[in-house]
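my_file33.pdb (PDB, C-alpha atoms, pLDDT in the B column) appears below.
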ATOM      1  CA  MET A  11      31.708 -10.647 -22.386  1.00 32.00           C
ATOM      2  CA  MET A  12      29.943  -7.322 -21.876  1.00 37.00           C
ATOM      3  CA  HIS A  13      30.794  -4.296 -23.956  1.00 34.00           C
ATOM      4  CA  GLY A  14      28.882  -1.146 -24.757  1.00 37.00           C
ATOM      5  CA  SER A  15      26.160   0.135 -22.492  1.00 41.00           C
ATOM      6  CA  ASN A  16      25.584  -1.025 -18.930  1.00 45.00           C
ATOM      7  CA  PRO A  17      23.565  -4.277 -19.085  1.00 44.00           C
ATOM      8  CA  ASN A  18      21.593  -3.246 -16.006  1.00 44.00           C
ATOM      9  CA  PRO A  19      21.520   0.550 -15.882  1.00 47.00           C
ATOM     10  CA  ARG A  20      20.420   2.152 -12.647  1.00 59.00           C
ATOM     11  CA  ALA A  21      18.023   5.062 -12.775  1.00 69.00           C
ATOM     12  CA  ALA A  22      17.974   7.272  -9.689  1.00 80.00           C
ATOM     13  CA  PHE A  23      14.491   8.186  -8.487  1.00 89.00           C
ATOM     14  CA  LEU A  24      14.683  11.732  -9.873  1.00 90.00           C
ATOM     15  CA  ASP A  25      15.554  10.355 -13.311  1.00 88.00           C
ATOM     16  CA  THR A  26      12.303   8.358 -13.396  1.00 90.00           C
ATOM     17  CA  LEU A  27      10.141  11.495 -13.065  1.00 92.00           C
ATOM     18  CA  SER A  28       8.786  13.799 -15.722  1.00 93.00           C
ATOM     19  CA  THR A  29      10.549  17.137 -16.139  1.00 93.00           C
ATOM     20  CA  GLU A  30       7.633  18.943 -14.489  1.00 94.00           C
ATOM     21  CA  ALA A  31       7.453  16.575 -11.493  1.00 94.00           C
ATOM     22  CA  ARG A  32      11.219  16.601 -11.046  1.00 93.00           C
ATOM     23  CA  GLY A  33      11.283  20.393 -10.954  1.00 93.00           C
ATOM     24  CA  ALA A  34       8.362  20.554  -8.525  1.00 95.00           C
ATOM     25  CA  LEU A  35       9.947  18.026  -6.151  1.00 94.00           C
ATOM     26  CA  THR A  36      13.274  19.855  -6.029  1.00 92.00           C
ATOM     27  CA  ARG A  37      11.459  23.044  -4.990  1.00 94.00           C
ATOM     28  CA  LEU A  38       9.978  21.438  -1.877  1.00 95.00           C
ATOM     29  CA  GLY A  39      11.329  21.287   1.651  1.00 95.00           C
ATOM     30  CA  THR A  40      14.506  22.664   3.199  1.00 96.00           C
ATOM     31  CA  ARG A  41      17.972  22.291   1.691  1.00 96.00           C
ATOM     32  CA  ARG A  42      20.621  20.945   4.079  1.00 96.00           C
ATOM     33  CA  ARG A  43      24.256  19.898   3.938  1.00 96.00           C
ATOM     34  CA  TYR A  44      25.883  17.024   5.827  1.00 95.00           C
ATOM     35  CA  ALA A  45      29.505  16.122   6.501  1.00 92.00           C
ATOM     36  CA  VAL A  46      30.943  12.608   6.548  1.00 84.00           C
ATOM     37  CA  GLY A  47      29.501  10.626   9.454  1.00 86.00           C
ATOM     38  CA  ASP A  48      26.480  12.872   9.955  1.00 93.00           C
ATOM     39  CA  VAL A  49      23.198  11.015  10.532  1.00 94.00           C
ATOM     40  CA  LEU A  50      20.346  12.101   8.271  1.00 95.00           C
ATOM     41  CA  ILE A  51      17.813   9.660   9.712  1.00 94.00           C
ATOM     42  CA  HIS A  52      17.860   7.818  13.061  1.00 93.00           C
ATOM     43  CA  GLU A  53      16.422   4.312  13.357  1.00 93.00           C
ATOM     44  CA  GLY A  54      13.426   4.312  15.684  1.00 91.00           C
ATOM     45  CA  ASP A  55      12.739   8.034  15.231  1.00 90.00           C
ATOM     46  CA  HIS A  56       9.143   9.031  14.506  1.00 88.00           C
ATOM     47  CA  ALA A  57       9.866  11.912  12.113  1.00 87.00           C
ATOM     48  CA  GLN A  58       7.852  11.648   8.892  1.00 88.00           C
ATOM     49  CA  GLU A  59      10.037  13.328   6.322  1.00 92.00           C
ATOM     50  CA  LEU A  60      11.378  12.319   2.939  1.00 93.00           C
ATOM     51  CA  VAL A  61      15.021  13.133   2.202  1.00 95.00           C
ATOM     52  CA  LEU A  62      15.974  13.792  -1.428  1.00 95.00           C
ATOM     53  CA  LEU A  63      19.702  13.443  -2.138  1.00 94.00           C
ATOM     54  CA  HIS A  64      21.238  16.016  -4.500  1.00 93.00           C
ATOM     55  CA  GLU A  65      24.943  15.288  -4.037  1.00 90.00           C
ATOM     56  CA  GLY A  66      26.963  12.615  -2.297  1.00 84.00           C
ATOM     57  CA  LEU A  67      26.478   9.101  -1.009  1.00 81.00           C
ATOM     58  CA  VAL A  68      24.767   7.674   2.075  1.00 87.00           C
ATOM     59  CA  LYS A  69      24.565   4.236   3.632  1.00 84.00           C
ATOM     60  CA  VAL A  70      21.455   2.688   5.169  1.00 86.00           C
ATOM     61  CA  THR A  71      22.000   0.505   8.239  1.00 84.00           C
ATOM     62  CA  ALA A  72      19.691  -1.409  10.564  1.00 84.00           C
ATOM     63  CA  ARG A  73      20.471  -2.748  14.012  1.00 83.00           C
ATOM     64  CA  LEU A  74      20.248  -6.545  14.322  1.00 76.00           C
ATOM     65  CA  ASP A  75      20.797  -6.606  18.082  1.00 76.00           C
ATOM     66  CA  ARG A  76      22.676  -4.646  20.735  1.00 75.00           C
ATOM     67  CA  ASP A  77      26.094  -5.301  19.200  1.00 74.00           C
ATOM     68  CA  ARG A  78      25.479  -5.917  15.488  1.00 73.00           C
ATOM     69  CA  VAL A  79      24.510  -3.545  12.683  1.00 76.00           C
ATOM     70  CA  SER A  80      23.644  -4.607   9.134  1.00 74.00           C
ATOM     71  CA  LEU A  81      24.456  -2.511   6.080  1.00 73.00           C
ATOM     72  CA  VAL A  82      21.143  -2.617   4.217  1.00 78.00           C
ATOM     73  CA  ASP A  83      21.646  -0.379   1.206  1.00 80.00           C
ATOM     74  CA  ILE A  84      23.533   2.474  -0.405  1.00 81.00           C
ATOM     75  CA  ARG A  85      21.848   5.512  -1.934  1.00 85.00           C
ATOM     76  CA  ILE A  86      23.325   8.089  -4.290  1.00 83.00           C
ATOM     77  CA  ALA A  87      22.456  11.524  -5.687  1.00 86.00           C
ATOM     78  CA  GLY A  88      18.961  11.540  -7.181  1.00 89.00           C
ATOM     79  CA  ASP A  89      17.722   8.906  -4.742  1.00 90.00           C
ATOM     80  CA  VAL A  90      15.344   9.318  -1.815  1.00 92.00           C
ATOM     81  CA  VAL A  91      15.581   7.950   1.726  1.00 92.00           C
ATOM     82  CA  GLY A  92      12.977   7.813   4.468  1.00 90.00           C
ATOM     83  CA  GLU A  93      10.155   7.271   2.001  1.00 86.00           C
ATOM     84  CA  VAL A  94       8.462   4.511   4.037  1.00 83.00           C
ATOM     85  CA  ALA A  95       8.061   6.576   7.206  1.00 79.00           C
ATOM     86  CA  ALA A  96       7.087   9.615   5.136  1.00 80.00           C
ATOM     87  CA  MET A  97       4.171   7.690   3.610  1.00 80.00           C
ATOM     88  CA  ASP A  98       3.198   5.599   6.652  1.00 78.00           C
ATOM     89  CA  VAL A  99       2.764   5.932  10.412  1.00 72.00           C
ATOM     90  CA  GLY A 100       5.516   4.259  12.389  1.00 79.00           C
ATOM     91  CA  PRO A 101       9.120   4.581  13.515  1.00 87.00           C
ATOM     92  CA  ARG A 102      12.082   4.757  11.167  1.00 89.00           C
ATOM     93  CA  SER A 103      13.241   1.256  10.230  1.00 86.00           C
ATOM     94  CA  ALA A 104      16.898   2.188   9.569  1.00 88.00           C
ATOM     95  CA  THR A 105      19.624   4.751  10.119  1.00 92.00           C
ATOM     96  CA  VAL A 106      20.945   6.797   7.192  1.00 93.00           C
ATOM     97  CA  THR A 107      24.503   8.112   7.486  1.00 90.00           C
ATOM     98  CA  SER A 108      26.517  10.349   5.175  1.00 88.00           C
ATOM     99  CA  CYS A 109      29.567   8.699   3.574  1.00 80.00           C
ATOM    100  CA  GLY A 110      31.017  12.085   2.572  1.00 79.00           C
ATOM    101  CA  ASP A 111      29.794  15.584   1.844  1.00 87.00           C
ATOM    102  CA  VAL A 112      26.075  15.345   1.118  1.00 90.00           C
ATOM    103  CA  SER A 113      23.558  17.914  -0.091  1.00 95.00           C
ATOM    104  CA  ALA A 114      19.910  16.995   0.440  1.00 96.00           C
ATOM    105  CA  THR A 115      16.417  18.387   0.758  1.00 95.00           C
ATOM    106  CA  VAL A 116      14.232  17.411   3.718  1.00 95.00           C
ATOM    107  CA  VAL A 117      10.574  17.296   2.650  1.00 95.00           C
ATOM    108  CA  PRO A 118       7.877  17.215   5.378  1.00 93.00           C
ATOM    109  CA  ARG A 119       5.104  14.666   4.975  1.00 92.00           C
ATOM    110  CA  GLY A 120       2.448  17.311   4.332  1.00 92.00           C
ATOM    111  CA  GLU A 121       4.384  18.811   1.416  1.00 94.00           C
ATOM    112  CA  LEU A 122       5.125  15.350   0.039  1.00 93.00           C
ATOM    113  CA  GLU A 123       1.454  14.319   0.106  1.00 93.00           C
ATOM    114  CA  SER A 124       0.377  17.493  -1.722  1.00 94.00           C
ATOM    115  CA  PHE A 125       3.106  16.939  -4.301  1.00 95.00           C
ATOM    116  CA  LEU A 126       2.117  13.305  -4.922  1.00 94.00           C
ATOM    117  CA  LEU A 127      -1.560  14.215  -5.278  1.00 95.00           C
ATOM    118  CA  ALA A 128      -0.652  16.835  -7.876  1.00 96.00           C
ATOM    119  CA  HIS A 129       1.778  14.503  -9.698  1.00 95.00           C
ATOM    120  CA  PRO A 130       0.361  10.947  -9.843  1.00 94.00           C
ATOM    121  CA  ASP A 131       3.244   9.862 -12.094  1.00 93.00           C
ATOM    122  CA  ALA A 132       5.597  10.628  -9.202  1.00 93.00           C
ATOM    123  CA  PHE A 133       3.390   8.643  -6.820  1.00 93.00           C
ATOM    124  CA  PHE A 134       3.579   5.569  -9.062  1.00 92.00           C
ATOM    125  CA  ALA A 135       7.326   6.044  -9.555  1.00 91.00           C
ATOM    126  CA  LEU A 136       7.791   6.070  -5.775  1.00 91.00           C
ATOM    127  CA  TYR A 137       5.460   3.090  -5.410  1.00 89.00           C
ATOM    128  CA  ARG A 138       7.467   1.119  -7.985  1.00 88.00           C
ATOM    129  CA  ARG A 139      10.676   2.034  -6.171  1.00 85.00           C
ATOM    130  CA  LEU A 140       9.264   0.748  -2.888  1.00 84.00           C
ATOM    131  CA  CYS A 141       8.128  -2.497  -4.528  1.00 84.00           C
ATOM    132  CA  GLY A 142      11.556  -2.983  -6.042  1.00 79.00           C
ATOM    133  CA  ARG A 143      13.215  -2.583  -2.672  1.00 77.00           C
ATOM    134  CA  VAL A 144      10.828  -5.095  -1.086  1.00 76.00           C
ATOM    135  CA  ARG A 145      11.652  -7.622  -3.829  1.00 79.00           C
ATOM    136  CA  ARG A 146      15.369  -6.968  -3.322  1.00 71.00           C
ATOM    137  CA  SER A 147      15.057  -7.502   0.444  1.00 71.00           C
ATOM    138  CA  ASP A 148      13.201 -10.788  -0.110  1.00 70.00           C
ATOM    139  CA  ARG A 149      15.847 -11.944  -2.587  1.00 68.00           C
ATOM    140  CA  LEU A 150      18.672 -11.066  -0.217  1.00 66.00           C
ATOM    141  CA  ARG A 151      17.065 -13.009   2.634  1.00 67.00           C
ATOM    142  CA  LEU A 152      16.818 -16.090   0.409  1.00 66.00           C
ATOM    143  CA  GLU A 153      20.420 -15.737  -0.770  1.00 64.00           C
ATOM    144  CA  LEU A 154      21.787 -15.336   2.746  1.00 63.00           C
ATOM    145  CA  GLY A 155      20.302 -18.676   3.708  1.00 64.00           C
ATOM    146  CA  GLY A 156      20.978 -20.527   0.483  1.00 76.00           C
ATOM    147  CA  TYR A 157      24.531 -19.650  -0.571  1.00 86.00           C
ATOM    148  CA  PRO A 158      27.979 -19.746   1.059  1.00 90.00           C
ATOM    149  CA  VAL A 159      29.794 -16.485   1.777  1.00 91.00           C
ATOM    150  CA  PRO A 160      31.997 -16.472  -1.379  1.00 94.00           C
ATOM    151  CA  VAL A 161      28.881 -16.679  -3.575  1.00 92.00           C
ATOM    152  CA  ARG A 162      27.046 -14.032  -1.516  1.00 89.00           C
ATOM    153  CA  LEU A 163      30.065 -11.731  -1.765  1.00 92.00           C
ATOM    154  CA  ALA A 164      30.302 -12.239  -5.521  1.00 93.00           C
ATOM    155  CA  ARG A 165      26.604 -11.406  -5.855  1.00 90.00           C
ATOM    156  CA  VAL A 166      27.045  -8.235  -3.797  1.00 88.00           C
ATOM    157  CA  LEU A 167      29.959  -7.206  -6.018  1.00 92.00           C
ATOM    158  CA  VAL A 168      27.944  -7.876  -9.179  1.00 91.00           C
ATOM    159  CA  GLU A 169      25.088  -5.743  -7.863  1.00 84.00           C
ATOM    160  CA  LEU A 170      27.427  -2.906  -6.837  1.00 86.00           C
ATOM    161  CA  ALA A 171      29.153  -3.025 -10.223  1.00 89.00           C
ATOM    162  CA  GLU A 172      25.867  -2.948 -12.117  1.00 84.00           C
ATOM    163  CA  LEU A 173      24.359  -0.190  -9.980  1.00 79.00           C
ATOM    164  CA  TYR A 174      27.377   1.996  -9.283  1.00 81.00           C
ATOM    165  CA  GLY A 175      30.023   0.778 -11.725  1.00 85.00           C
ATOM    166  CA  ARG A 176      32.094   2.930 -14.055  1.00 87.00           C
ATOM    167  CA  PRO A 177      33.385   1.003 -17.101  1.00 90.00           C
ATOM    168  CA  ARG A 178      36.924   1.097 -18.329  1.00 88.00           C
ATOM    169  CA  ARG A 179      37.271   3.387 -21.343  1.00 89.00           C
ATOM    170  CA  THR A 180      38.763   1.891 -24.481  1.00 88.00           C
ATOM    171  CA  PHE A 181      39.208   3.118 -28.057  1.00 88.00           C
ATOM    172  CA  ARG A 182      36.119   1.019 -28.924  1.00 87.00           C
ATOM    173  CA  GLY A 183      34.048   2.618 -26.175  1.00 88.00           C
ATOM    174  CA  PRO A 184      33.172   1.651 -22.576  1.00 89.00           C
ATOM    175  CA  ASP A 185      34.125  -1.891 -21.560  1.00 91.00           C
ATOM    176  CA  TRP A 186      31.528  -3.170 -19.098  1.00 88.00           C
ATOM    177  CA  ASN A 187      33.552  -6.319 -18.481  1.00 91.00           C
ATOM    178  CA  ARG A 188      36.076  -4.213 -16.545  1.00 93.00           C
ATOM    179  CA  VAL A 189      34.363  -1.950 -14.049  1.00 93.00           C
ATOM    180  CA  HIS A 190      35.435   0.320 -11.201  1.00 93.00           C
ATOM    181  CA  ILE A 191      32.889   0.467  -8.363  1.00 88.00           C
ATOM    182  CA  ASP A 192      32.284   4.088  -7.365  1.00 79.00           C
ATOM    183  CA  VAL A 193      31.406   3.162  -3.777  1.00 80.00           C
ATOM    184  CA  ASN A 194      34.109   2.967  -1.118  1.00 78.00           C
ATOM    185  CA  LEU A 195      33.401   0.088   1.263  1.00 82.00           C
ATOM    186  CA  SER A 196      35.505  -1.439   4.017  1.00 84.00           C
ATOM    187  CA  GLN A 197      35.778  -5.180   4.608  1.00 87.00           C
ATOM    188  CA  THR A 198      33.588  -4.680   7.685  1.00 82.00           C
ATOM    189  CA  GLU A 199      30.874  -3.164   5.468  1.00 82.00           C
ATOM    190  CA  PHE A 200      31.209  -6.007   2.946  1.00 86.00           C
ATOM    191  CA  ALA A 201      30.759  -8.377   5.880  1.00 85.00           C
ATOM    192  CA  ALA A 202      27.582  -6.538   6.892  1.00 76.00           C
ATOM    193  CA  LEU A 203      26.222  -6.714   3.335  1.00 78.00           C
ATOM    194  CA  THR A 204      26.827 -10.467   3.196  1.00 82.00           C
ATOM    195  CA  ALA A 205      25.830 -11.260   6.804  1.00 76.00           C
ATOM    196  CA  SER A 206      29.226 -12.782   7.516  1.00 83.00           C
ATOM    197  CA  THR A 207      32.372 -12.007   9.494  1.00 87.00           C
ATOM    198  CA  THR A 208      35.189  -9.689   8.453  1.00 90.00           C
ATOM    199  CA  HIS A 209      37.611 -12.630   8.547  1.00 95.00           C
ATOM    200  CA  THR A 210      35.468 -14.703   6.188  1.00 95.00           C
ATOM    201  CA  VAL A 211      35.027 -11.786   3.778  1.00 93.00           C
ATOM    202  CA  HIS A 212      38.777 -11.131   3.883  1.00 94.00           C
ATOM    203  CA  LYS A 213      39.433 -14.708   2.715  1.00 96.00           C
ATOM    204  CA  ALA A 214      36.757 -14.523  -0.002  1.00 96.00           C
ATOM    205  CA  LEU A 215      38.148 -11.224  -1.336  1.00 96.00           C
ATOM    206  CA  ALA A 216      41.654 -12.683  -1.303  1.00 95.00           C
ATOM    207  CA  GLN A 217      40.488 -15.625  -3.423  1.00 96.00           C
ATOM    208  CA  LEU A 218      38.815 -13.303  -5.947  1.00 96.00           C
ATOM    209  CA  ARG A 219      42.046 -11.295  -6.147  1.00 95.00           C
ATOM    210  CA  LYS A 220      44.080 -14.494  -6.570  1.00 95.00           C
ATOM    211  CA  ASP A 221      41.781 -15.534  -9.416  1.00 95.00           C
ATOM    212  CA  LYS A 222      42.377 -12.096 -11.009  1.00 95.00           C
ATOM    213  CA  ILE A 223      38.652 -11.310 -10.934  1.00 96.00           C
ATOM    214  CA  ILE A 224      38.969  -8.179  -8.782  1.00 95.00           C
ATOM    215  CA  THR A 225      41.572  -5.741  -7.495  1.00 93.00           C
ATOM    216  CA  THR A 226      41.252  -3.876  -4.187  1.00 90.00           C
ATOM    217  CA  GLY A 227      43.040  -1.171  -2.248  1.00 84.00           C
ATOM    218  CA  CYS A 228      42.232   1.715   0.121  1.00 80.00           C
ATOM    219  CA  ARG A 229      38.492   0.828   0.182  1.00 78.00           C
ATOM    220  CA  GLN A 230      38.507   0.827  -3.635  1.00 85.00           C
ATOM    221  CA  THR A 231      37.265  -2.156  -5.651  1.00 91.00           C
ATOM    222  CA  SER A 232      37.590  -2.788  -9.375  1.00 94.00           C
ATOM    223  CA  ILE A 233      36.244  -5.735 -11.327  1.00 95.00           C
ATOM    224  CA  GLY A 234      38.723  -7.105 -13.853  1.00 94.00           C
ATOM    225  CA  ASN A 235      36.346  -9.651 -15.352  1.00 95.00           C
ATOM    226  CA  MET A 236      32.590  -9.244 -14.858  1.00 94.00           C
ATOM    227  CA  ALA A 237      31.831 -12.445 -16.751  1.00 94.00           C
ATOM    228  CA  ARG A 238      33.937 -14.515 -14.343  1.00 95.00           C
ATOM    229  CA  LEU A 239      32.536 -12.646 -11.352  1.00 96.00           C
ATOM    230  CA  ARG A 240      29.012 -13.550 -12.464  1.00 94.00           C
ATOM    231  CA  GLU A 241      30.140 -17.171 -12.755  1.00 94.00           C
ATOM    232  CA  ALA A 242      31.483 -17.011  -9.186  1.00 95.00           C
ATOM    233  CA  ALA A 243      28.126 -15.552  -8.146  1.00 92.00           C
ATOM    234  CA  LEU A 244      26.316 -18.438  -9.883  1.00 89.00           C
ATOM    235  CA  LEU A 245      24.566 -15.945 -12.152  1.00 85.00           C
ATOM    236  CA  SER A 246      24.028 -16.283 -15.877  1.00 71.00           C
ATOM    237  CA  VAL A 247      26.235 -14.189 -18.137  1.00 58.00           C
ATOM    238  CA  PRO A 248      24.166 -11.693 -20.212  1.00 54.00           C
ATOM    239  CA  ASP A 249      24.196 -12.067 -23.969  1.00 50.00           C
ATOM    240  CA  THR A 250      26.423  -9.617 -25.832  1.00 49.00           C
TER
END
As structure tokens, how would this structure be written, given the file I've shared?
Amino acid sequence: MMHGSNPNPRAAFLDTLSTEARGALTRLGTRRRYAVGDVLIHEGDHAQELVLLHEGLVKVTARLDRDRVSLVDIRIAGDVVGEVAAMDVGPRSATVTSCGDVSATVVPRGELESFLLAHPDAFFALYRRLCGRVRRSDRLRLELGGYPVPVRLARVLVELAELYGRPRRTFRGPDWNRVHIDVNLSQTEFAALTASTTHTVHKALAQLRKDKIITTGCRQTSIGNMARLREAALLSVPDT
């Protein structure tokens, strides 16, 4: 059972930079605000800009074919989006859409390159972030082919809880075995994350609720027992 600090804390990109580099990056570009549903980045577009998120939440989606869209990732304040196209020549590989009110800075490629040359620690931090996302994409592709939907869903929930979870507060401190996920997702979006159908995800969520592992309602998800959820995901339970 997990108590105390988050066993897998998530550091936003800004938090991985030195104080000097962080301040310099936030002074670049043009500050913009987006409302829910606004598109920050269009898949296939050839713009070469980095977008630094200051407030809010965005989702990253990629089109599989004419009728299907896959939810690839979720990014929060302190994260960056569009970093691949900003550092390479080629079209945008995904669409980025605001999930609520978002404040962000749009940094042109020229400004980004000058910044990275002046702050090599930031370059390596961005490089490590890109490598991590490549490893995550490879892992997800393997899981989608190797596990049934209930296991894939449990793994998605574990990842969301570890990356975006808020523990239940107790008199002994935060309880990381009971976590509220601070990301509002519909069953359709869970289906996209697990490469399955909404009907199949609905049944898998219902079973997790029946087993008293999670509770759901109004696009809200809370984990009642992270240890059991990790078991359902066929993941090892961290040592206390």
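Across A:Ala132, A:Val166, A:Ala95, A:Leu60, the tightest approach to Ala201 in chain A is made by A:Val166 when counting all atoms listed in the file.
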Legend entry - Residue with smallest distance to Leu215 in chain A - pool A:Leu203, A:Ala128, A:Val159, A:Leu173, counting all atoms listed in the file: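 Among A:Leu203, A:Ala128, A:Val159, A:Leu173, it is A:Val159 that comes nearest to Leu215 in chain A.
Put simply, the PyMOL selection byres ((chain A and resi 237) around 10) in this file takes in Met11, Met12, Val168, Trp186, Asn187, Arg188, Ile223, Ile233, Gly234, Asn235, Met236, Arg238, Leu239, Arg240, Glu241, Ala242, Ala243, Leu245, Ser246, Val247 and Pro248 of chain A.
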Inset, instruction - Please write the residues picked by the PyMOL selection byres ((chain A and resi 65) around 7) on this file as a list in words. - result: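 That selection, the PyMOL selection byres ((chain A and resi 65) around 7), comes back as Leu63, His64, Gly66, Ala87, Val112, Ser113 and Ala114 of chain A.
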Legend entry - From A:Thr107, A:Gln58, A:Thr71, A:Gln230, residue lying nearest Arg119 in chain A [only C-alpha atoms]: A:Gln58
Inset, instruction - Name the residues in contact with Gly110 in chain A at a cut-off of 12 Å, using all atoms listed in the file, excluding same-chain residues fewer than 3 positions from it; report them as a ChimeraX atom specification. - result: /A:43-49,65-69,86-87,107,113,193-194
Could you save the residues just selected, with C-alpha atoms, as a PDB file, in the coordinates of the input?
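File produced: again_11.pdb:
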ATOM      1  CA  ARG A  43      24.256  19.898   3.938  1.00 96.00           C
ATOM      2  CA  TYR A  44      25.883  17.024   5.827  1.00 95.00           C
ATOM      3  CA  ALA A  45      29.505  16.122   6.501  1.00 92.00           C
ATOM      4  CA  VAL A  46      30.943  12.608   6.548  1.00 84.00           C
ATOM      5  CA  GLY A  47      29.501  10.626   9.454  1.00 86.00           C
ATOM      6  CA  ASP A  48      26.480  12.872   9.955  1.00 93.00           C
ATOM      7  CA  VAL A  49      23.198  11.015  10.532  1.00 94.00           C
ATOM      8  CA  GLU A  65      24.943  15.288  -4.037  1.00 90.00           C
ATOM      9  CA  GLY A  66      26.963  12.615  -2.297  1.00 84.00           C
ATOM     10  CA  LEU A  67      26.478   9.101  -1.009  1.00 81.00           C
ATOM     11  CA  VAL A  68      24.767   7.674   2.075  1.00 87.00           C
ATOM     12  CA  LYS A  69      24.565   4.236   3.632  1.00 84.00           C
ATOM     13  CA  ILE A  86      23.325   8.089  -4.290  1.00 83.00           C
ATOM     14  CA  ALA A  87      22.456  11.524  -5.687  1.00 86.00           C
ATOM     15  CA  THR A 107      24.503   8.112   7.486  1.00 90.00           C
ATOM     16  CA  SER A 113      23.558  17.914  -0.091  1.00 95.00           C
ATOM     17  CA  VAL A 193      31.406   3.162  -3.777  1.00 80.00           C
ATOM     18  CA  ASN A 194      34.109   2.967  -1.118  1.00 78.00           C
TER      19      ASN A 194
END
Legend entry - Nearest-residue call for Gln217 in chain A, choices A:Pro160, A:Leu81, A:Ile51, A:Ser196, using all atoms listed in the file: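 Looking at the shortest contact to Gln217 in chain A, the residue is A:Pro160.
Between Thr36 in chain A and the candidates A:Val116, A:Val70, A:Met97, A:Ala57, the tightest atom-to-atom separation, counting only C-alpha atoms, involves A:Val116.
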